[in-house]
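Contents: one structure, followed by commentary.
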Amino acid sequence: MAGAVSQPPIAGPNVTYAAPKRHSALAMFCLAQPLGAISGVAIAIMLFGGVFADFVAPYDPLTIDFGAMLAPPSWEHWMGTDAFGRDIFSRVIFGARTALTIGFFASLMGCVSGAMIGVASAYFGGRIDMIVQRFIDVMLSFPIIVLALVVVAMLGRNQIGGIDINLVFAIAIPILPKVARVVRSAALSIREMPYVDAARAAGFGHMRIILRHMVPNVAAPFLIMFTAFIAQAILLEASLSFLGLGVTEPTPAWGLMLSGNASDFYREAPWMILFPGLAISVAVFAFNLFGDSLRDWLDPKFKV
Amino acid sequence: MFGYLVNRILLMIPTLLGVAVLIFFMLRVVPGDIVEVKLRGDGGMVTQETIDAERARLGLDRPLAVQFRDWMVGLVTFDLGTSMWTDRPVMEEIGLRLELTMQVAIMATIFAVLIAIPLGTISALFKDTWIDYAVRLITIAGLAVPSFWLGMIIILGLLYWFNWLPPITYTPIYVDPLANISQLIWPALAVGYRYSAVVARMVRSSIVEVMKEDYIRTARAKGVYEKLVVARHAMRNALLPAITVIGLEFAFLIGGLVVTEQVFNLNGIGKLFVQAVSRNDFTLIQAIVMLIAVVFIVTNLVVDLLYALFDPRIRLGGK
């Protein structure tokens, strides 16, 4: 650095050496992808609400108040209360914690295992690739929610630390084959790259080639898919909870807050439907949009 | 063309076999079965003998290999056993409900296609104007709004403005078409919104791509009316990818119906499936999963055939 600063001007005394304008990566992203930035802010707010739910929420989400049953939205209860007099605003905030935790871990689990299978399948090729791909074909021949429901039927429930681990599995498993398929095709082209041949010629083991040479090169599509599948996972968790096969009472979860008969809701408390559904929509919208912008920004050629 | 068709149909067999094997072992790999849900469900005291007797009656005490053989034989002979919960033949349970679910699925498809193709085309032709932004906003929202919530909002709206609720009892279309459609149009709209959003996005992006092609410039240069350029030159080529998406999404529509049928209290395949899952009714679960997989795979086949039909490059070229 010192050498660069003390370099004498070449083109005459009037030339000043102004440092080129540098923006941080974050600022560049916000400028190039305004919609992405907005959705990023929405995600940040949800994250903040979810993490600090205990401080942000005005009421305890589990406290039953029979004095305020089915109260309409008011200054005390911004989104009204439910049939047990629980504050819906607080439950929506705590619901963000449930949705984001399950969404994050399910997407992470599905994407990591899917990416590993995809990279390995592409790297080994031949018979192994054939068998793995047929297996993935089979898994892809169900709608996501059907596969998730089968996993629910298979595993039952298993609560660990307030989160249903089996629910995370049920959401992660349908994500796995989709990720594996995309990552495999990305990895197939990387496999033909000279540097992989070079690594093989240098005598590196399979694990090292896969982990050090191939995995970093599929990082961009991986990151994009991870974000997009958080949206899918949140939607899936809400659907399963709505069906009574996901998160169970009294844990606040958006889908669970909607389970019940719409016409009963109408007669008693229509606001009970409105807010949790809006929360799901906004969350899925934000993660989808953020994933899209990330894709356009990282690699305009890449389409999930 | 005929050889291609036979080849494609033969290729379906390993996938379906894979689905059959996977679903069978997935359901049985973890201990715990319907008998426990059925008898212990209400928390009553049940002796081990009662449980064993029920297991023997349902055939769950037999070796896995024997159960698997029965499942395979049943698939070939279309006799998938009896429901472990209701004791009625599985095929009968499904048959009763298939009509309703298929009708909603077809109505949603028609709705989606009718909405999506004009919407996507307009959005592409007015690219980067406020029309385009509005359409894109509507379509991206369609990917985010859960269909069951949309269904609830529709019911709320119907009650608020018309004080009317779709009837709960199902009327077949050949009995009273009007009553039938006025009941099923709402769930079809609720699941069709997402469907049309996905298709419209595809239509938009493929028309945007096609409009850049040389033959569009040629057509314009020789003075073809812009309307004809769009209708004859652009649409024909752009709708091919849309057909793929319509086909793929049709299979996922069945997934959407699993949840939406619950909202509208429709007694269809989706509701049956959710009931089967919550009761661990293995025979019913595996039968419905097979049905859905068959629908999915056949839809894919139809899409490929349509593709070959519409695209001379695929029909005539290649092997």
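Going through the structure tokens in order, the chains are called A, B, and so on, while each chain numbers its residues from 1 and the ligands are numbered from 1 in the order shown.
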
Find the residues around A:Ala83 up to 9 Å (only C-alpha atoms counted), leave out those fewer than 5 positions away in its own chain, and share them as an MDAnalysis selection string. chainID A and resid 66 68:71 268:269

Neighbours of chain A in chain B at 8 Å, counting only C-alpha atoms, as a PyMOL selection string: chain B and resi 15-16+18-19+26-30+140-141+143-146+148-149+152-153+155-156+159+251-252+254-256+259+262-263+274+277-278+280+285+289+292-293+296-297

Stretch 75-200 of chain A: residues DSSP assigns to alpha helix (DSSP H), reported as a PyMOL selection string: chain A and resi 88-124+126-140+144-155+165-191+194-200

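Using only C-alpha atoms, the smallest distance between any of B:Leu119, B:Leu301, B:Val230, B:Val224 and B:Asp132 comes from B:Leu119.
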
At a cut-off of 12 Å, using only C-alpha atoms, what residues contact A:Pro34? Leave out same-chain residues fewer than 6 positions from it and give the result as a list in words. Leu26, Ala27, Met28, Gly40, Val41, Leu289, Phe290, Asp292, Ser293, Leu294, Asp296 and Trp297 of chain A

Extract, using only C-alpha atoms, all DNA, RNA and protein residues at most 8 Å from B:Ser147, discarding same-chain residues fewer than 3 positions from it, and format them as a PyMOL selection string. chain B and resi 150-151+190-191+193-194+256+259-260

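Note that the spacing between atom CA of B:Ile173 and atom CA of B:Val295 amounts to 22.1 Å.
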
Extract, using only C-alpha atoms, all DNA, RNA and protein residues at most 9 Å from A:Met46, discarding same-chain residues fewer than 6 positions from it, and format them as a PyMOL selection string. chain A and resi 93+96-97+100+283

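Checking B:Leu80, B:Thr299, B:Asp281, B:Leu158 one by one against B:Gly247, counting only C-alpha atoms, you find the shortest gap at B:Thr299.
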